[in-house]
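Peer 1: Enclosed is the structure file work04.cif (mmCIF, C-alpha atoms).
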data_final
loop_
_atom_site.label_atom_id
_atom_site.label_comp_id
_atom_site.auth_asym_id
_atom_site.auth_seq_id
_atom_site.Cartn_x
_atom_site.Cartn_y
_atom_site.Cartn_z
CA MET A 1 135.74 92.74 98.02
CA LYS A 2 133.98 91.15 100.96
CA LYS A 3 130.80 89.13 100.90
CA CYS A 4 128.62 88.61 103.95
CA TYR A 5 125.48 86.59 104.47
CA ARG A 6 122.84 87.98 106.76
CA PHE A 7 119.08 87.92 107.10
CA PHE A 8 117.36 90.57 109.15
CA GLY A 9 113.72 90.00 108.19
CA GLY A 10 111.52 92.62 109.75
CA PHE A 11 114.18 94.10 111.98
CA LEU A 12 115.13 97.08 109.85
CA ASN A 13 116.92 98.90 112.66
CA SER A 14 119.31 95.97 113.18
CA GLN A 15 120.06 95.90 109.47
CA GLU A 16 120.69 99.63 109.42
CA LYS A 17 122.94 99.42 112.47
CA TRP A 18 124.92 96.57 110.95
CA LEU A 19 125.46 98.41 107.65
CA ASN A 20 126.66 101.48 109.54
CA GLN A 21 129.00 99.31 111.63
CA MET A 22 130.42 97.85 108.43
CA ALA A 23 130.90 101.37 107.04
CA ASN A 24 132.69 102.38 110.22
CA LYS A 25 135.01 99.42 109.76
CA GLY A 26 135.73 100.60 106.22
CA TYR A 27 133.31 98.60 104.10
CA ARG A 28 131.04 100.21 101.54
CA LEU A 29 128.05 98.36 100.14
CA VAL A 30 128.24 97.64 96.40
CA ARG A 31 125.62 94.96 95.81
CA THR A 32 122.76 93.29 97.63
CA GLY A 33 121.36 89.81 97.08
CA LYS A 34 118.51 87.97 98.77
CA LEU A 35 120.74 87.01 101.69
CA SER A 36 124.04 88.52 100.73
CA TYR A 37 125.77 91.86 100.94
CA GLU A 38 128.89 92.66 98.95
CA PHE A 39 131.26 95.30 100.14
CA THR A 40 134.27 97.10 98.80
CA GLU A 41 136.86 98.80 100.99
CA CYS A 42 136.53 102.49 101.80
CA LYS A 43 137.79 104.90 104.43
CA PRO A 44 136.24 103.98 107.80
CA GLY A 45 133.15 106.08 108.38
CA GLU A 46 133.06 107.49 104.87
CA TYR A 47 129.45 106.49 104.28
CA GLN A 48 126.21 106.37 106.24
CA TYR A 49 123.22 104.10 105.68
CA CYS A 50 119.51 104.43 106.20
CA ILE A 51 116.74 101.97 105.41
CA ASP A 52 113.28 102.80 104.18
CA PHE A 53 110.32 100.43 103.97
CA VAL A 54 108.51 100.94 100.68
CA ALA A 55 106.46 97.76 100.21
CA GLY A 56 102.78 98.47 99.87
CA GLN A 57 103.34 101.50 97.70
CA PRO A 58 102.69 101.31 93.98
CA TYR A 59 105.91 100.45 92.14
CA LYS A 60 105.66 103.70 90.17
CA ASN A 61 105.82 105.69 93.43
CA VAL A 62 108.77 103.66 94.67
CA LYS A 63 110.69 104.34 91.47
CA ASP A 64 109.81 108.03 91.68
CA TYR A 65 110.97 108.15 95.32
CA LYS A 66 114.19 106.33 94.42
CA GLY A 67 114.81 108.89 91.66
CA PHE A 68 114.22 111.71 94.13
CA LEU A 69 116.76 110.25 96.55
CA GLU A 70 119.30 109.79 93.78
CA GLU A 71 118.84 113.41 92.72
CA LEU A 72 119.83 114.38 96.24
CA GLY A 73 123.12 112.58 95.68
CA TYR A 74 122.31 109.40 97.58
CA LYS A 75 122.98 105.93 96.30
CA VAL A 76 119.98 103.61 96.55
CA PHE A 77 119.81 99.80 96.66
CA TYR A 78 116.73 97.63 96.59
CA LYS A 79 116.51 94.92 99.24
CA ASN A 80 114.04 92.20 100.07
CA ALA A 81 112.55 92.01 103.55
CA ASN A 82 111.30 88.46 103.21
CA LEU A 83 112.65 85.28 101.71
CA ASN A 84 111.25 84.12 98.46
CA TYR A 85 113.07 82.60 95.57
CA SER A 86 110.18 82.09 93.21
CA ILE A 87 110.29 83.75 89.81
CA GLY A 88 107.46 85.11 87.72
CA LYS A 89 104.87 85.28 90.40
CA ALA A 90 102.61 87.81 91.99
CA ARG A 91 102.19 88.43 95.68
CA TRP A 92 99.30 90.00 97.50
CA ARG A 93 100.26 92.63 100.06
CA PRO A 94 97.11 93.10 102.10
CA TYR A 95 98.64 96.17 103.78
CA GLY A 96 99.29 97.95 100.47
CA LYS A 97 97.56 100.95 99.03
CA GLY A 98 95.95 100.82 95.57
CA SER A 99 98.11 99.03 93.05
CA GLY A 100 100.68 98.63 95.81
CA GLN A 101 98.63 95.68 97.00
CA ILE A 102 99.98 93.57 94.20
CA ALA A 103 103.69 92.93 93.93
CA VAL A 104 104.89 91.33 90.73
CA ASN A 105 108.15 90.00 89.39
CA PRO A 106 109.77 91.71 87.54
CA GLY A 107 108.67 94.83 89.38
CA ASN A 108 108.33 95.61 93.04
CA TYR A 109 108.54 91.96 94.09
CA ASN A 110 111.40 91.43 96.54
CA LYS A 111 111.98 95.17 96.68
CA GLU A 112 110.39 95.83 100.03
CA LEU A 113 113.25 97.97 101.27
CA LEU A 114 115.47 100.73 100.06
CA ILE A 115 118.98 100.92 101.44
CA VAL A 116 120.08 104.51 101.09
CA GLU A 117 123.73 105.49 101.19
CA LYS A 118 124.97 108.98 101.88
CA LYS A 119 128.51 110.30 102.01
CA ASN A 120 129.19 111.10 105.65
CA ASP A 121 129.18 114.86 106.16
CA GLY A 122 129.28 114.71 109.95
CA ARG A 123 125.54 115.19 110.32
CA SER A 124 123.11 112.53 111.42
CA PHE A 125 121.39 110.78 108.56
CA GLU A 126 117.65 110.20 108.79
CA LEU A 127 115.03 109.95 106.09
CA HIS A 128 111.99 110.55 108.27
CA THR A 129 112.49 113.54 110.51
CA THR A 130 109.14 115.00 111.54
CA ASN A 131 107.22 113.33 114.37
CA GLU A 132 104.10 113.05 112.26
CA ASP A 133 105.95 111.46 109.37
CA LYS A 134 107.75 109.07 111.73
CA ALA A 135 104.46 107.99 113.29
CA SER A 136 102.88 107.31 109.90
CA TYR A 137 106.01 105.52 108.66
CA TYR A 138 106.00 103.16 111.64
CA LYS A 139 102.28 102.65 111.19
CA THR A 140 102.86 101.30 107.68
CA LEU A 141 105.51 98.98 109.06
CA ARG A 142 103.37 97.78 111.95
CA ASN A 143 100.40 97.07 109.70
CA ALA A 144 102.57 95.05 107.32
CA PHE A 145 103.74 92.72 110.08
CA LEU A 146 100.53 92.69 112.07
CA ILE A 147 98.41 91.58 109.14
CA ILE A 148 100.70 88.65 108.43
CA ALA A 149 100.63 87.62 112.08
CA VAL A 150 96.84 87.89 112.10
CA LEU A 151 96.53 85.80 108.92
CA PHE A 152 98.62 83.03 110.48
CA LEU A 153 96.52 83.14 113.62
CA ILE A 154 93.36 82.90 111.51
CA PHE A 155 94.80 79.83 109.73
CA SER A 156 95.60 78.38 113.12
CA ILE A 157 92.07 78.95 114.38
CA ILE A 158 90.53 77.55 111.20
CA SER A 159 92.58 74.37 111.50
CA TYR A 160 91.52 74.09 115.13
CA PHE A 161 87.87 74.17 114.16
CA GLN A 162 88.42 71.72 111.33
CA MET A 163 90.15 69.16 113.50
CA GLN A 164 88.46 70.03 116.80
CA SER A 165 91.83 69.54 118.48
CA PHE A 166 95.27 71.07 118.77
CA SER A 167 96.64 69.36 115.69
CA LYS A 168 100.03 70.03 114.11
CA GLY A 169 98.48 72.60 111.78
CA VAL A 170 97.13 74.64 114.65
CA ILE A 171 100.50 74.73 116.37
CA ILE A 172 102.55 75.38 113.22
CA PHE A 173 100.39 78.27 112.04
CA GLY A 174 100.37 79.67 115.54
CA LEU A 175 104.15 79.49 115.79
CA LEU A 176 104.62 80.99 112.33
CA GLY A 177 102.63 84.02 113.38
CA ILE A 178 104.78 84.83 116.39
CA PRO A 179 107.93 86.08 114.56
CA PHE A 180 105.73 88.64 112.82
CA LEU A 181 104.15 89.78 116.04
CA ILE A 182 107.48 90.85 117.54
CA PRO A 183 108.33 93.57 115.00
CA ALA A 184 104.66 94.62 114.97
CA PHE A 185 104.87 95.11 118.73
CA LEU A 186 108.16 97.05 118.51
CA TYR A 187 106.78 99.34 115.80
CA GLN A 188 103.60 99.87 117.82
CA ASN A 189 105.73 101.35 120.62
CA GLN A 190 107.34 103.73 118.14
CA ILE A 191 103.94 104.82 116.83
CA ILE A 192 102.71 105.63 120.32
CA HIS A 193 105.91 107.52 121.10
CA PHE A 194 105.87 109.70 118.00
CA SER A 195 102.09 110.25 117.94
CA LYS A 196 102.25 111.57 121.48
CA LYS A 197 105.21 113.75 120.59
CA SER A 198 103.56 115.08 117.45
CA SER A 199 100.53 116.27 119.38
CA ILE A 200 102.77 118.60 121.41
CA GLU A 201 105.65 119.46 119.14
CA GLU A 202 106.63 119.08 115.52
CA MET B 1 99.84 116.73 107.07
CA ARG B 2 97.39 118.38 109.36
CA ASP B 3 97.29 121.64 107.45
CA ASN B 4 93.92 122.70 106.23
CA VAL B 5 92.99 125.77 104.30
CA ARG B 6 90.53 127.38 106.64
CA GLY B 7 92.67 128.95 109.30
CA GLY B 8 94.57 125.86 110.42
CA ALA B 9 98.15 126.37 111.49
CA LEU B 10 100.75 125.10 109.06
CA THR B 11 103.42 122.77 110.31
CA GLU B 12 106.84 124.34 110.50
CA VAL B 13 108.07 122.12 107.68
CA THR B 14 105.17 123.09 105.41
CA PHE B 15 105.71 126.78 106.03
CA PHE B 16 109.45 126.52 105.39
CA ILE B 17 108.92 124.64 102.14
CA LEU B 18 106.48 127.31 100.95
CA LEU B 19 108.95 130.05 101.90
CA ALA B 20 111.82 128.28 100.17
CA LEU B 21 109.77 127.99 96.99
CA TYR B 22 109.23 131.72 96.54
CA GLU B 23 112.21 131.01 94.29
CA ARG B 24 112.26 127.88 92.13
CA MET B 25 114.27 125.17 93.82
CA HIS B 26 114.92 121.46 93.70
CA GLY B 27 114.77 119.11 96.67
CA TYR B 28 118.36 119.56 97.73
CA GLY B 29 117.97 123.34 97.64
CA ILE B 30 114.96 123.15 99.96
CA MET B 31 116.85 120.97 102.44
CA GLN B 32 119.74 123.44 102.44
CA PHE B 33 117.40 126.42 102.75
CA VAL B 34 115.72 124.98 105.82
CA GLU B 35 119.01 124.06 107.46
CA GLU B 36 120.62 127.44 106.76
CA LYS B 37 117.68 129.56 107.84
CA THR B 38 117.28 127.69 111.12
CA GLY B 39 121.01 127.41 111.78
CA GLY B 40 120.74 123.63 111.72
CA ARG B 41 117.96 123.47 114.31
CA LEU B 42 115.56 121.99 111.80
CA ILE B 43 116.92 119.30 109.53
CA LEU B 44 114.59 117.88 106.95
CA GLY B 45 115.02 114.23 106.02
CA ALA B 46 114.63 113.22 102.40
CA GLY B 47 111.68 110.91 103.09
CA SER B 48 109.76 113.56 105.00
CA LEU B 49 110.57 116.15 102.33
CA TYR B 50 109.41 113.83 99.57
CA GLY B 51 106.09 113.21 101.32
CA ALA B 52 105.61 116.91 102.01
CA LEU B 53 106.36 117.92 98.41
CA ASN B 54 103.86 115.39 97.09
CA ASN B 55 101.21 116.54 99.54
CA LEU B 56 101.71 120.20 98.76
CA GLN B 57 101.69 119.51 95.05
CA GLY B 58 98.44 117.57 95.50
CA LYS B 59 96.90 120.56 97.26
CA GLY B 60 98.08 122.85 94.47
CA TRP B 61 100.19 124.99 96.80
CA ILE B 62 103.37 124.26 94.87
CA ALA B 63 103.97 123.09 91.30
CA PRO B 64 106.83 121.45 89.44
CA VAL B 65 108.69 123.71 87.03
CA ASP B 66 109.74 122.85 83.50
CA ASP B 67 108.22 119.41 83.67
CA GLY B 68 110.06 116.75 81.72
CA LYS B 69 113.09 118.53 80.35
CA GLY B 70 115.30 119.38 83.29
CA ARG B 71 117.16 116.52 84.91
CA LYS B 72 116.45 117.75 88.40
CA LYS B 73 112.87 118.41 89.31
CA GLU B 74 112.35 121.95 90.50
CA TYR B 75 109.33 123.35 92.28
CA ILE B 76 107.80 126.79 92.68
CA ILE B 77 105.05 128.18 94.90
CA THR B 78 101.65 128.76 93.27
CA ASP B 79 99.24 131.66 93.80
CA ILE B 80 97.21 129.60 96.25
CA GLY B 81 100.45 128.72 98.01
CA ARG B 82 101.32 132.39 98.38
CA GLU B 83 97.87 133.12 99.80
CA ILE B 84 98.32 130.31 102.33
CA ALA B 85 101.79 131.54 103.31
CA GLU B 86 100.55 135.12 103.73
CA ALA B 87 97.62 133.97 105.87
CA GLU B 88 100.08 131.98 107.99
CA LEU B 89 102.27 135.05 108.47
CA LEU B 90 99.26 137.01 109.74
CA ARG B 91 98.27 134.19 112.07
CA MET B 92 101.78 134.04 113.48
CA LYS B 93 101.94 137.81 113.96
CA GLU B 94 98.71 137.59 115.92
CA LEU B 95 100.11 134.77 118.01
CA VAL B 96 103.33 136.69 118.69
CA GLU B 97 101.30 139.74 119.74
CA ILE B 98 99.28 137.72 122.24
CA ALA B 99 102.40 136.03 123.56
CA GLU B 100 104.12 139.39 123.96
CA GLN B 101 101.22 140.78 125.90
CA ILE B 102 101.31 137.86 128.29
CA ILE B 103 104.98 137.08 128.57
CA GLY B 104 106.03 140.70 128.40
CA GLY B 105 107.97 140.57 125.16
CA LYS B 106 110.88 142.83 126.02
CA GLY B 107 113.54 143.11 123.36
CA VAL B 108 111.61 141.31 120.69
#
How does the structure come out when it is put into structure tokens?
Peer 2:
Amino acid sequence: MKKCYRFFGGFLNSQEKWLNQMANKGYRLVRTGKLSYEFTECKPGEYQYCIDFVAGQPYKNVKDYKGFLEELGYKVFYKNANLNYSIGKARWRPYGKGSGQIAVNPGNYNKELLIVEKKNDGRSFELHTTNEDKASYYKTLRNAFLIIAVLFLIFSIISYFQMQSFSKGVIIFGLLGIPFLIPAFLYQNQIIHFSKKSSIEE
Amino acid sequence: MRDNVRGGALTEVTFFILLALYERMHGYGIMQFVEEKTGGRLILGAGSLYGALNNLQGKGWIAPVDDGKGRKKEYIITDIGREIAEAELLRMKELVEIAEQIIGGKGV
């Protein structure tokens, strides 16, 4: 048994890469915590990992999707994308659809991601394969990060107008927004890439 | 999905799912069907398949079989689905004919 502490935030690709590196070194994921990953030993390269972003979907849909993946023979873990230790609380996800806008605990709170494990059969492992689906998947991701960045910037601007100067609040809110802008920007590039591709080929 | 009923071309994935479901099949069966029939050229990821199945079910082109009882959810094509698939076959034949005329279609 091996326990590692990592936090990847919005960088899902880095998290996916790291899990696959661990698998190649002979570590299979058995449990996830807020910041921790527990592994057991396995044959190097026996398993492959893929991450899916499911926040913003109604919890019922997420459970249904998880069941679908498990029927295919995959193992599925829930994982949080953000840090929050509060219990018994609701969170508003402005980027969500329908009842997916509200995340509650217990429920879809802190279950923004699915880590999907597949036994390595020599083929590449991807969940989203068509260009159109990839573009819409990255769009969901971009919107999630962009809206948070925009909210912070709005707070920053409001505090500027309240104080009529660059107070601490203005700077702090401004700085808090930046880490969310980076993934939003990266996902934007993916959207453009796959939208262009999908207009020519499938 | 860009597919629309009045004469729009189906995506390759949509058409393959409809074809696969001329026999009742669960998700894994559809993935295998697509991979086998295309010799591995087209590989369908689980997330894309899930989205496509939900969309097609919403349109009424496919339907779940034996709802509730079976552990694995199976799907089958509906009558509307068959109509759509047949229309797509005709459209493709037409397209192939035009392409043959222009490109010269020897040995096809």
Peer 1: Given the file shown, enumerate the residues that the PyMOL selection byres ((chain A and resi 184) around 9) captures and present them as a PyMOL selection string.
Peer 2: chain A and resi 10+141-146+149+180-183+185-189
Peer 1: Only residues of chain B matter here; which ones have an atom within 7 Å of chain A, counting only C-alpha atoms? Give them as a count of residues only.
Peer 2: 8
Peer 1: What's the separation between CA of Glu16 in chain A and CA of Leu42 in chain B, in Å to one decimal place?
Peer 2: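 Those two atoms sit 23.1 Å apart.
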Peer 1: Just how far from CA of Pro94 in chain A is CA of Tyr109 in chain A, in Å to one decimal?
Peer 2: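 So the answer is 14.0 Å.
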Peer 1: Nearest to Leu18 in chain B: which of B:Val34, B:Ala85, B:Ile80, B:Val65 is it, counting only C-alpha atoms?
Peer 2: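 Answer, going by the shortest atom-to-atom distance: B:Ala85.
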Peer 1: Please rebuild range 90-101 of chain B with N, CA and C atoms and return the result as a compact mmCIF listing (two decimals), keeping the file's coordinate frame.
Peer 2:
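For reference, rebuild.txt as written:
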# COMPACT_ATOMS: atom_id res chain seq x y z
N LEU B 90 100.19 136.22 108.92
CA LEU B 90 99.26 137.01 109.74
C LEU B 90 98.92 136.28 111.03
N ARG B 91 98.63 134.99 110.90
CA ARG B 91 98.27 134.19 112.07
C ARG B 91 99.41 134.20 113.09
N MET B 92 100.63 134.08 112.58
CA MET B 92 101.78 134.04 113.48
C MET B 92 102.00 135.39 114.14
N LYS B 93 101.80 136.47 113.38
CA LYS B 93 101.94 137.81 113.96
C LYS B 93 100.98 137.98 115.13
N GLU B 94 99.74 137.51 114.90
CA GLU B 94 98.71 137.59 115.92
C GLU B 94 99.14 136.82 117.17
N LEU B 95 99.68 135.64 116.91
CA LEU B 95 100.11 134.77 118.01
C LEU B 95 101.25 135.43 118.79
N VAL B 96 102.19 136.02 118.06
CA VAL B 96 103.33 136.69 118.69
C VAL B 96 102.83 137.85 119.55
N GLU B 97 101.85 138.60 119.01
CA GLU B 97 101.30 139.74 119.74
C GLU B 97 100.71 139.29 121.07
N ILE B 98 99.91 138.25 121.02
CA ILE B 98 99.28 137.72 122.24
C ILE B 98 100.35 137.27 123.23
N ALA B 99 101.33 136.55 122.69
CA ALA B 99 102.40 136.03 123.56
C ALA B 99 103.17 137.17 124.19
N GLU B 100 103.38 138.24 123.42
CA GLU B 100 104.12 139.39 123.96
C GLU B 100 103.37 140.06 125.08
N GLN B 101 102.04 140.18 124.86
CA GLN B 101 101.22 140.78 125.90
C GLN B 101 101.32 140.00 127.19
